[in-house]
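Below is work-v1.txt, holding compact mmCIF, C-alpha atoms.
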```txt
# COMPACT_ATOMS: atom_id res chain seq x y z
CA MET A 6 -41.62 -15.38 14.03
CA SER A 7 -40.60 -11.71 13.95
CA LEU A 8 -37.43 -10.69 12.14
CA LYS A 9 -34.87 -9.01 14.36
CA LYS A 10 -34.59 -5.31 13.56
CA LYS A 11 -31.25 -4.31 12.06
CA PRO A 12 -29.25 -1.98 14.32
CA LYS A 13 -28.57 1.50 12.93
CA ALA A 14 -25.37 3.56 12.99
CA VAL A 15 -25.24 7.28 12.29
CA ILE A 16 -21.82 8.30 10.94
CA VAL A 17 -20.95 11.99 11.10
CA GLY A 18 -18.42 12.83 8.38
CA GLY A 19 -18.11 11.27 4.95
CA SER A 20 -14.34 11.48 4.39
CA ILE A 21 -12.12 8.36 4.22
CA ALA A 22 -12.80 7.36 7.87
CA GLY A 23 -16.59 7.77 7.49
CA VAL A 24 -16.84 6.00 4.15
CA SER A 25 -14.61 3.14 5.44
CA CYS A 26 -16.87 2.70 8.49
CA ALA A 27 -19.91 2.65 6.19
CA HIS A 28 -18.32 -0.34 4.40
CA THR A 29 -17.46 -2.32 7.53
CA LEU A 30 -20.84 -1.73 9.20
CA VAL A 31 -22.83 -2.64 6.09
CA LEU A 32 -20.78 -5.86 5.89
CA THR A 33 -21.60 -6.51 9.57
CA GLY A 34 -25.35 -6.23 8.87
CA TRP A 35 -26.01 -2.73 10.22
CA ASN A 36 -28.14 -0.01 8.68
CA VAL A 37 -25.99 3.06 8.08
CA LEU A 38 -26.63 6.75 7.49
CA VAL A 39 -23.71 9.10 6.81
CA VAL A 40 -24.30 12.78 7.59
CA GLU A 41 -22.00 14.92 5.42
CA LYS A 42 -21.86 18.71 5.13
CA SER A 43 -20.63 18.73 1.50
CA CYS A 44 -23.53 19.04 -0.90
CA ALA A 45 -22.40 16.21 -3.22
CA PRO A 46 -19.66 13.59 -3.55
CA PRO A 47 -16.28 15.13 -4.45
CA THR A 48 -15.68 14.73 -8.19
CA GLY A 49 -12.40 14.09 -9.95
CA SER A 50 -9.08 14.64 -8.30
CA GLN A 51 -9.49 18.30 -7.45
CA THR A 52 -10.00 17.56 -3.75
CA GLY A 53 -7.08 16.79 -1.46
CA ALA A 54 -3.64 15.55 -2.40
CA GLY A 55 -1.46 12.43 -2.31
CA LEU A 56 -1.49 9.66 0.29
CA GLY A 57 0.25 6.35 0.97
CA LEU A 58 -1.51 3.05 1.68
CA ASP A 59 0.24 0.29 3.61
CA PRO A 60 -0.18 -3.45 2.82
CA LEU A 61 -2.90 -3.99 5.46
CA SER A 62 -4.99 -1.02 4.26
CA LEU A 63 -4.64 -2.24 0.67
CA ARG A 64 -5.87 -5.69 1.68
CA LEU A 65 -8.81 -4.29 3.67
CA ILE A 66 -9.94 -1.87 0.96
CA GLN A 67 -9.73 -4.65 -1.65
CA SER A 68 -12.04 -6.76 0.52
CA TRP A 69 -14.63 -3.94 0.61
CA ILE A 70 -14.82 -3.02 -3.07
CA GLN A 71 -16.33 -5.26 -5.72
CA ASP A 72 -13.34 -5.09 -8.09
CA PRO A 73 -10.03 -5.26 -6.17
CA GLU A 74 -8.11 -4.61 -9.40
CA LEU A 75 -9.48 -1.04 -9.36
CA LEU A 76 -7.30 -0.22 -6.36
CA HIS A 77 -4.18 -1.24 -8.29
CA GLN A 78 -5.27 0.82 -11.28
CA THR A 79 -5.70 3.98 -9.16
CA THR A 80 -2.41 3.66 -7.20
CA LEU A 81 1.31 3.35 -7.96
CA PRO A 82 3.87 1.26 -6.08
CA PHE A 83 5.84 2.76 -3.19
CA THR A 84 8.55 0.13 -2.95
CA ILE A 85 11.39 2.48 -2.00
CA ASP A 86 11.66 4.92 0.93
CA GLN A 87 14.64 7.23 0.32
CA ASN A 88 15.90 10.15 2.41
CA ASP A 89 18.36 12.52 0.73
CA ALA A 90 20.33 15.42 2.18
CA ILE A 91 20.14 18.53 0.00
CA ASP A 92 22.64 21.37 -0.04
CA GLY A 93 20.69 24.31 -1.44
CA GLU A 94 23.76 26.51 -1.92
CA LYS A 95 25.88 24.01 -3.83
CA LYS A 96 22.78 22.46 -5.48
CA VAL A 97 23.80 18.86 -4.72
CA LYS A 98 22.09 15.94 -3.00
CA TRP A 99 23.28 12.64 -1.51
CA THR A 100 21.42 9.67 -0.02
CA LEU A 101 21.26 9.33 3.77
CA THR A 102 19.17 6.16 3.97
CA ARG A 103 17.26 3.92 1.58
CA ASP A 104 14.81 1.08 2.23
CA GLU A 105 13.79 -0.99 -0.81
CA GLU A 106 11.05 -2.96 0.96
CA LEU A 107 8.44 -0.33 1.80
CA ASN A 108 5.62 -2.33 0.09
CA CYS A 109 3.11 0.53 0.11
CA ARG A 110 1.22 2.21 -2.73
CA ALA A 111 0.69 5.87 -3.57
CA GLY A 112 -2.72 7.29 -4.42
CA HIS A 113 -4.71 10.49 -4.50
CA TRP A 114 -7.32 11.32 -1.85
CA GLY A 115 -9.98 12.08 -4.47
CA ASP A 116 -9.40 8.80 -6.34
CA LEU A 117 -9.49 6.70 -3.15
CA HIS A 118 -12.61 8.42 -1.85
CA ALA A 119 -14.42 7.91 -5.18
CA LEU A 120 -13.40 4.24 -5.23
CA LEU A 121 -14.74 3.62 -1.71
CA TYR A 122 -17.87 5.74 -2.16
CA ASN A 123 -18.86 4.17 -5.49
CA ALA A 124 -18.55 0.66 -4.01
CA LEU A 125 -21.19 1.40 -1.33
CA PRO A 126 -24.91 0.64 -1.69
CA PRO A 127 -26.87 3.74 -2.81
CA ASN A 128 -28.67 6.17 -0.48
CA LEU A 129 -26.45 5.80 2.58
CA PHE A 130 -25.36 9.47 2.49
CA LEU A 131 -27.31 12.48 3.65
CA TRP A 132 -25.49 15.15 1.63
CA GLY A 133 -25.58 18.87 2.39
CA HIS A 134 -26.40 18.43 6.09
CA ARG A 135 -24.43 20.04 8.90
CA PHE A 136 -24.21 18.10 12.15
CA LEU A 137 -25.61 20.22 15.00
CA SER A 138 -25.80 18.13 18.16
CA PHE A 139 -26.50 14.73 19.66
CA SER A 140 -28.09 13.40 22.84
CA ILE A 141 -27.98 9.96 24.40
CA SER A 142 -31.27 8.50 25.63
CA SER A 143 -31.62 8.16 29.41
CA ASP A 144 -31.42 4.35 29.20
CA LYS A 145 -28.30 4.68 26.94
CA SER A 146 -29.98 2.50 24.32
CA SER A 147 -30.12 5.07 21.53
CA VAL A 148 -28.63 8.32 20.33
CA ILE A 149 -30.50 11.22 18.69
CA VAL A 150 -28.57 13.27 16.14
CA LYS A 151 -29.70 16.70 14.93
CA ALA A 152 -28.54 18.06 11.57
CA SER A 153 -29.56 21.02 9.44
CA SER A 154 -29.97 21.17 5.68
CA HIS A 155 -27.73 23.70 3.91
CA GLU A 156 -30.42 24.30 1.34
CA THR A 157 -33.51 24.81 3.51
CA ASN A 158 -32.06 25.24 7.06
CA GLU A 159 -34.60 22.60 8.11
CA VAL A 160 -33.43 20.70 11.22
CA ILE A 161 -33.93 16.95 11.16
CA GLU A 162 -33.58 14.34 13.90
CA ILE A 163 -32.05 10.93 13.27
CA ILE A 164 -32.28 8.14 15.84
CA GLY A 165 -29.63 5.42 15.88
CA ASP A 166 -28.15 2.76 18.13
CA LEU A 167 -24.62 4.05 17.63
CA LEU A 168 -23.05 7.39 16.73
CA ILE A 169 -19.70 7.18 14.92
CA ALA A 170 -17.75 10.44 15.00
CA ALA A 171 -15.71 10.61 11.79
CA ASP A 172 -15.77 14.40 11.87
CA GLY A 173 -12.03 14.98 11.55
CA CYS A 174 -9.30 16.43 13.73
CA LEU A 175 -11.49 19.40 14.71
CA SER A 176 -14.23 16.99 15.85
CA SER A 177 -17.06 18.77 17.69
CA ILE A 178 -18.29 15.40 18.98
CA ARG A 179 -14.92 14.74 20.63
CA GLN A 180 -15.02 18.28 22.03
CA SER A 181 -18.30 17.56 23.83
CA PHE A 182 -16.65 14.71 25.81
CA VAL A 183 -13.18 16.21 26.33
CA PRO A 184 -13.72 19.99 26.15
CA ASP A 185 -10.19 20.77 27.37
CA HIS A 186 -8.48 18.60 24.76
CA LYS A 187 -6.60 20.93 22.41
CA LEU A 188 -4.82 20.46 19.12
CA ARG A 189 -1.07 21.14 19.20
CA TYR A 190 0.43 23.29 16.45
CA SER A 191 3.66 21.66 15.26
CA GLY A 192 5.49 24.93 14.60
CA TYR A 193 5.42 24.48 10.83
CA CYS A 194 3.11 24.38 7.83
CA ALA A 195 3.31 22.49 4.56
CA TRP A 196 3.15 23.93 1.09
CA ARG A 197 1.42 21.24 -0.97
CA GLY A 198 0.71 20.79 -4.61
CA VAL A 199 -0.01 18.29 -7.35
CA LEU A 200 1.54 18.94 -10.77
CA ASP A 201 -0.55 17.45 -13.57
CA PHE A 202 1.86 16.84 -16.44
CA ALA A 203 -0.49 14.90 -18.77
CA GLY A 204 0.43 15.90 -22.33
CA ASN A 205 3.73 17.40 -21.14
CA GLU A 206 5.66 14.19 -20.48
CA ASN A 207 8.56 15.38 -22.66
CA SER A 208 8.78 18.90 -21.23
CA GLU A 209 12.10 20.14 -19.85
CA THR A 210 10.59 20.10 -16.33
CA ILE A 211 9.52 16.43 -16.44
CA ILE A 212 12.67 15.20 -18.21
CA GLY A 213 14.73 17.16 -15.63
CA ILE A 214 12.90 15.85 -12.54
CA ARG A 215 13.00 12.25 -13.82
CA LYS A 216 16.75 12.57 -14.41
CA GLU A 217 17.31 13.91 -10.87
CA TYR A 218 14.79 11.48 -9.30
CA PRO A 219 15.00 8.43 -11.62
CA GLU A 220 12.77 6.16 -9.52
CA LEU A 221 9.65 8.35 -9.51
CA GLY A 222 6.73 5.97 -9.91
CA LYS A 223 8.04 3.58 -7.26
CA CYS A 224 9.96 5.74 -4.76
CA LEU A 225 8.93 8.00 -1.88
CA TYR A 226 11.61 10.72 -1.89
CA PHE A 227 12.33 12.87 1.18
CA GLY A 228 14.68 15.83 0.78
CA LEU A 229 16.26 17.11 4.02
CA GLY A 230 17.62 20.65 4.07
CA SER A 231 18.67 22.79 7.00
CA GLY A 232 15.62 22.97 9.32
CA THR A 233 13.19 22.02 6.57
CA HIS A 234 12.28 19.07 4.36
CA THR A 235 10.35 18.07 1.26
CA VAL A 236 8.44 15.04 -0.03
CA LEU A 237 8.11 14.04 -3.69
CA TYR A 238 6.38 11.10 -5.35
CA GLU A 239 4.44 10.23 -8.46
CA LEU A 240 0.69 9.59 -8.60
CA PRO A 241 -1.27 7.72 -11.28
CA ASN A 242 -2.47 9.63 -14.36
CA ARG A 243 0.76 11.61 -14.80
CA ARG A 244 0.80 13.67 -11.64
CA LEU A 245 3.58 14.58 -9.20
CA ASN A 246 2.72 15.16 -5.55
CA TRP A 247 5.08 17.44 -3.61
CA ILE A 248 5.17 18.82 -0.06
CA TRP A 249 7.52 21.39 1.49
CA TYR A 250 7.47 21.84 5.28
CA VAL A 251 8.25 25.40 6.41
CA HIS A 252 8.64 26.81 9.95
CA GLN A 253 6.24 29.67 10.61
CA PRO A 254 4.02 31.09 13.38
CA GLU A 255 0.61 29.45 13.71
CA PRO A 256 -1.50 30.77 10.79
CA ASP A 257 -4.90 32.36 11.22
CA LEU A 258 -7.12 29.69 9.68
CA LYS A 259 -10.81 29.82 8.86
CA PRO A 260 -12.95 27.93 11.40
CA ASN A 261 -13.11 24.17 10.76
CA SER A 262 -10.21 24.23 8.31
CA MET A 263 -6.63 23.01 8.37
CA THR A 264 -5.75 24.42 4.96
CA MET A 265 -5.62 27.86 3.45
CA LYS A 266 -5.64 29.23 -0.06
CA ALA A 267 -2.44 31.07 -0.90
CA SER A 268 -2.46 34.53 -2.51
CA SER A 269 -0.35 35.11 -5.62
CA ASP A 270 2.07 37.21 -3.51
CA MET A 271 2.52 34.32 -1.05
CA ILE A 272 3.12 31.91 -3.92
CA GLN A 273 5.71 34.21 -5.57
CA SER A 274 7.53 34.65 -2.28
CA MET A 275 7.50 30.86 -1.75
CA HIS A 276 8.97 30.35 -5.26
CA LYS A 277 11.85 32.73 -4.44
CA GLU A 278 12.57 30.92 -1.15
CA ALA A 279 12.47 27.55 -2.92
CA GLU A 280 15.16 28.69 -5.36
CA LYS A 281 17.53 29.32 -2.46
CA MET A 282 16.78 26.01 -0.73
CA TRP A 283 16.26 23.26 -3.31
CA LEU A 284 17.54 21.77 -6.56
CA PRO A 285 16.44 23.64 -9.72
CA GLU A 286 14.60 20.55 -11.07
CA PHE A 287 12.39 20.41 -7.97
CA VAL A 288 11.84 24.19 -8.01
CA ARG A 289 10.58 23.96 -11.62
CA VAL A 290 7.97 21.40 -10.50
CA ILE A 291 6.83 23.77 -7.73
CA ARG A 292 6.70 26.75 -10.12
CA GLU A 293 4.59 24.89 -12.67
CA THR A 294 2.05 23.62 -10.12
CA LYS A 295 -1.30 25.39 -10.33
CA GLU A 296 -2.84 26.49 -7.02
CA PRO A 297 -0.45 25.16 -4.39
CA PHE A 298 -2.05 25.45 -0.95
CA ILE A 299 -0.94 25.70 2.68
CA ASN A 300 -1.67 22.91 5.15
CA ALA A 301 -1.14 23.82 8.83
CA ILE A 302 0.36 20.83 10.64
CA TYR A 303 -1.32 19.85 13.91
CA ASP A 304 -1.67 16.80 16.08
CA SER A 305 -2.82 16.28 19.66
CA ASP A 306 -1.68 14.41 22.72
CA PRO A 307 -3.21 10.92 22.67
CA LEU A 308 -6.67 10.58 24.25
CA GLU A 309 -7.36 8.32 27.24
CA LYS A 310 -10.70 7.16 25.79
CA ILE A 311 -12.22 6.98 22.31
CA TYR A 312 -15.77 5.93 23.19
CA TRP A 313 -18.47 7.01 25.66
CA ASP A 314 -21.75 5.07 26.01
CA ASN A 315 -22.88 4.58 22.40
CA VAL A 316 -20.65 7.22 20.79
CA VAL A 317 -17.29 6.25 19.29
CA LEU A 318 -14.48 8.23 17.63
CA VAL A 319 -12.69 7.07 14.47
CA GLY A 320 -10.02 8.50 12.16
CA ASP A 321 -8.63 11.97 12.80
CA ALA A 322 -11.39 12.61 15.36
CA ALA A 323 -9.86 9.84 17.51
CA HIS A 324 -6.18 10.61 16.90
CA PRO A 325 -5.18 13.81 15.09
CA THR A 326 -1.70 13.14 13.72
CA THR A 327 1.05 14.81 11.73
CA PRO A 328 1.52 13.35 8.22
CA HIS A 329 5.16 12.26 8.53
CA ALA A 330 4.61 8.53 8.72
CA LEU A 331 1.82 7.87 6.18
CA ARG A 332 -0.53 7.24 9.09
CA SER A 333 -3.67 9.34 8.81
CA THR A 334 -5.43 7.37 6.04
CA ASN A 335 -4.07 4.00 7.19
CA MET A 336 -5.21 4.61 10.77
CA SER A 337 -8.70 5.54 9.53
CA VAL A 338 -9.00 2.39 7.41
CA LEU A 339 -7.82 0.19 10.29
CA ASP A 340 -10.13 1.90 12.81
CA ALA A 341 -13.07 1.09 10.52
CA ALA A 342 -12.00 -2.54 10.05
CA VAL A 343 -11.45 -3.18 13.79
CA LEU A 344 -14.71 -1.42 14.76
CA GLY A 345 -16.63 -3.52 12.21
CA GLN A 346 -15.11 -6.77 13.49
CA CYS A 347 -15.79 -5.85 17.14
CA LEU A 348 -19.44 -5.10 16.32
CA LYS A 349 -19.65 -8.40 14.44
CA LYS A 350 -18.11 -10.33 17.35
CA TRP A 351 -20.23 -8.82 20.15
CA GLY A 352 -23.32 -7.68 18.25
CA ALA A 353 -25.49 -4.61 18.86
CA GLU A 354 -26.92 -6.17 22.04
CA ASP A 355 -23.43 -6.12 23.61
CA LEU A 356 -22.46 -2.72 22.24
CA GLN A 357 -20.41 -1.71 25.30
CA PHE A 358 -18.24 -4.84 24.98
CA ALA A 359 -17.79 -4.15 21.27
CA LEU A 360 -16.72 -0.53 21.82
CA GLU A 361 -14.49 -1.48 24.75
CA GLY A 362 -12.90 -4.13 22.47
CA TYR A 363 -12.32 -1.56 19.71
CA GLN A 364 -10.79 0.90 22.17
CA SER A 365 -8.51 -1.70 23.78
CA ILE A 366 -7.17 -2.80 20.37
CA ARG A 367 -6.71 0.64 18.80
CA LEU A 368 -5.71 2.99 21.64
CA PRO A 369 -2.27 1.50 22.50
CA VAL A 370 -1.37 1.43 18.79
CA VAL A 371 -2.52 4.92 17.77
CA ARG A 372 -0.97 6.46 20.91
CA LYS A 373 2.50 5.23 19.91
CA GLN A 374 2.01 6.02 16.23
CA VAL A 375 0.90 9.64 16.80
CA LEU A 376 3.91 10.27 19.08
CA HIS A 377 6.29 8.58 16.62
CA ALA A 378 4.97 10.67 13.71
CA ARG A 379 5.46 13.80 15.86
CA ARG A 380 9.06 12.75 16.59
CA MET A 381 9.76 12.04 12.88
CA GLY A 382 8.52 15.52 11.99
CA ARG A 383 10.70 17.16 14.62
CA ILE A 384 13.79 15.26 13.47
CA LYS A 385 13.23 16.12 9.80
CA GLN A 386 12.49 19.77 10.60
CA GLY A 387 15.62 20.10 12.76
CA LEU A 388 13.67 20.78 15.97
CA VAL A 389 14.71 20.03 19.55
CA LEU A 390 14.08 16.60 21.07
CA PRO A 391 14.95 15.77 24.71
CA ASP A 392 16.94 12.62 23.87
CA ARG A 393 18.64 13.61 20.64
CA GLN A 394 20.98 16.25 19.27
CA LEU A 395 19.55 18.72 16.77
CA SER A 396 19.28 16.98 13.43
CA ASN A 397 21.67 18.16 10.74
CA PRO A 398 21.47 16.14 7.51
CA GLU A 399 24.99 17.21 6.54
CA THR A 400 26.61 15.65 9.62
CA ALA A 401 24.14 12.85 10.48
CA ASN A 402 25.70 9.52 11.47
CA PRO A 403 24.38 6.17 10.09
CA GLU A 404 22.26 5.53 13.21
CA GLU A 405 20.57 8.95 12.93
CA CYS A 406 19.96 8.35 9.22
CA HIS A 407 18.41 4.93 9.86
CA GLU A 408 15.93 6.54 12.26
CA LEU A 409 14.37 8.39 9.30
CA GLN A 410 12.91 5.21 7.76
CA GLN A 411 9.13 4.78 7.56
CA LYS A 412 9.23 1.12 8.65
CA LEU A 413 10.43 2.10 12.15
CA MET A 414 6.88 3.28 12.94
CA PRO A 415 5.60 1.20 15.90
CA PHE A 416 3.20 -1.58 14.80
CA PHE A 417 4.15 -0.88 11.13
CA THR A 418 3.52 -4.49 10.03
CA ASP A 419 1.16 -5.44 12.87
CA VAL A 420 -2.20 -7.05 12.03
CA PRO A 421 -4.69 -7.02 14.95
CA SER A 422 -5.67 -10.61 15.81
CA ILE A 423 -9.38 -9.77 15.42
CA LEU A 424 -8.73 -9.29 11.66
CA LEU A 425 -6.95 -12.61 11.20
```
Would you mind writing the file's structure down as structure tokens?
Amino acid sequence: MSLKKKPKAVIVGGSIAGVSCAHTLVLTGWNVLVVEKSCAPPTGSQTGAGLGLDPLSLRLIQSWIQDPELLHQTTLPFTIDQNDAIDGEKKVKWTLTRDEELNCRAGHWGDLHALLYNALPPNLFLWGHRFLSFSISSDKSSVIVKASSHETNEVIEIIGDLLIAADGCLSSIRQSFVPDHKLRYSGYCAWRGVLDFAGNENSETIIGIRKEYPELGKCLYFGLGSGTHTVLYELPNRRLNWIWYVHQPEPDLKPNSMTMKASSDMIQSMHKEAEKMWLPEFVRVIRETKEPFINAIYDSDPLEKIYWDNVVLVGDAAHPTTPHALRSTNMSVLDAAVLGQCLKKWGAEDLQFALEGYQSIRLPVVRKQVLHARRMGRIKQGLVLPDRQLSNPETANPEECHELQQKLMPFFTDVPSILL
């Protein structure tokens, strides 16, 4: 009796979406190869910044890693979602809305990636290889992926039953199916930084920020100014994550990048602007942060399809989104979980049913979530919306304030039935 050959998936992109798919496909009994352009796994917490994980993502990740306690050790609670109005001239703040049942946790991209990557079987990653192209066999039964080695420029071919595009919001695989689909620049960028205050817990800066924001360590703080807003929360290992959204023309970014390194002149100019806009305690945190960077904020109009034959999109490749509703990471984790369960339910022999199932579960949800995150950003940045007056935190009524809460995201507590 011959053993049935295990189906093989080629995943392009080894970020959170790719590494999450590797987990769910391995659990479903597939062979997996992840093609990643970085030459080695990211080390430490130098890569990326803060993120929020919702209860469903926490549960899913805990089911994938051998020691669920590790996830608790590398995250802090996000039990409170608070939006404050900030008067930069008078240097005062007051609370617009507060939700004490957020039930999420805060983590760092680098920590989460390391946790997921280290819990995978060895040798699933092909590091230092740039994805070049793919072709689908004439009978649609297999897909051939070409990639080139950074080190030797040698081009290799990988044959799989399924190609999973986890290649981010600038996905070249998505581009090959929907060449006219464009990213939409939001009109603003984010200054981002992580202040590491290990060893400086009793400094004037940390004592000051904790006095002004006493629930750091369990609260997600939003500060709304005039046509701008900030985010502040604590990360494990004595770090503060901050974001400041600033209106500006679309920046000239390097190809395949959403972030840019800031020159010392740009940073000094940003510090001066911050002093006019925000409370001195927050400005001190910004000033003491090494290497803040600029993140251009994009999303795209929702796609009509997220699979073609035996190619499927996941994560930011499937639904580029703005970061205003803690969605990007959570969407990626849930995409991976639903895709894994659909493949388990229908099997490799009924791949089209499995991918159709995945698409029918995820598309209606991500469509609404991307558009809601876009709306949240526009409200908090004081931009025009067709059905709402321009947002002014100083004159906002209770209904307008309530609209700022994270839990109003469509499907916020929804668990797809295939995961039950």
Contacts of Val317 (chain A) within 7 Å, only C-alpha atoms, excl. fewer than 4 positions in-chain, as a list in words: Leu168, Ile169, Ala170, Ile311, Tyr312 and Trp313 of chain A
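Shell of region 375-377 of chain A at 9 Å, with only C-alpha atoms counted and residues fewer than 6 places along the chain excluded, is Asp304, Ser305, Asp306, Pro307, His324, Pro325, Thr326, Thr327, His329, Ala330, Arg332, Leu413, Met414 and Pro415 of chain A.
Among the candidates A:Pro127, A:Pro403, A:Pro398, A:Pro12, the residue lying nearest to Thr233 (chain A) is A:Pro398 (atoms considered: all atoms listed in the file).
Using all atoms listed in the file, the smallest distance between any of A:Pro184, A:Gly133, A:Gly93, A:Pro328 and Met381 (chain A) comes from A:Pro328.
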Give one line per residue of region 93-192 of chain A that approaches region 63-83 of chain A to at most 6 Å, naming the two atoms of the closest pair and their distance in Å to one decimal, counting all atoms listed in the file; sort by chain then ascending residue number and deliver it as JSON lines.
```
{"residue": "A:Cys109", "atom": "CA", "partner": "A:Phe83", "partner_atom": "CA", "distance": 4.8}
{"residue": "A:Arg110", "atom": "CA", "partner": "A:Pro82", "partner_atom": "CA", "distance": 4.4}
{"residue": "A:Ala111", "atom": "CA", "partner": "A:Leu81", "partner_atom": "CA", "distance": 5.1}
{"residue": "A:Gly112", "atom": "CA", "partner": "A:Thr80", "partner_atom": "CA", "distance": 4.6}
{"residue": "A:Ala124", "atom": "CA", "partner": "A:Ile70", "partner_atom": "CA", "distance": 5.3}
```
Between A:Asn36, A:Thr48, A:Thr100, A:Asn246, which has the minimum distance to Ile16 (chain A) (counting only C-alpha atoms)? A:Asn36
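We find CA of Glu217 (chain A) and CA of Pro285 (chain A) to be spaced 9.8 Å apart.
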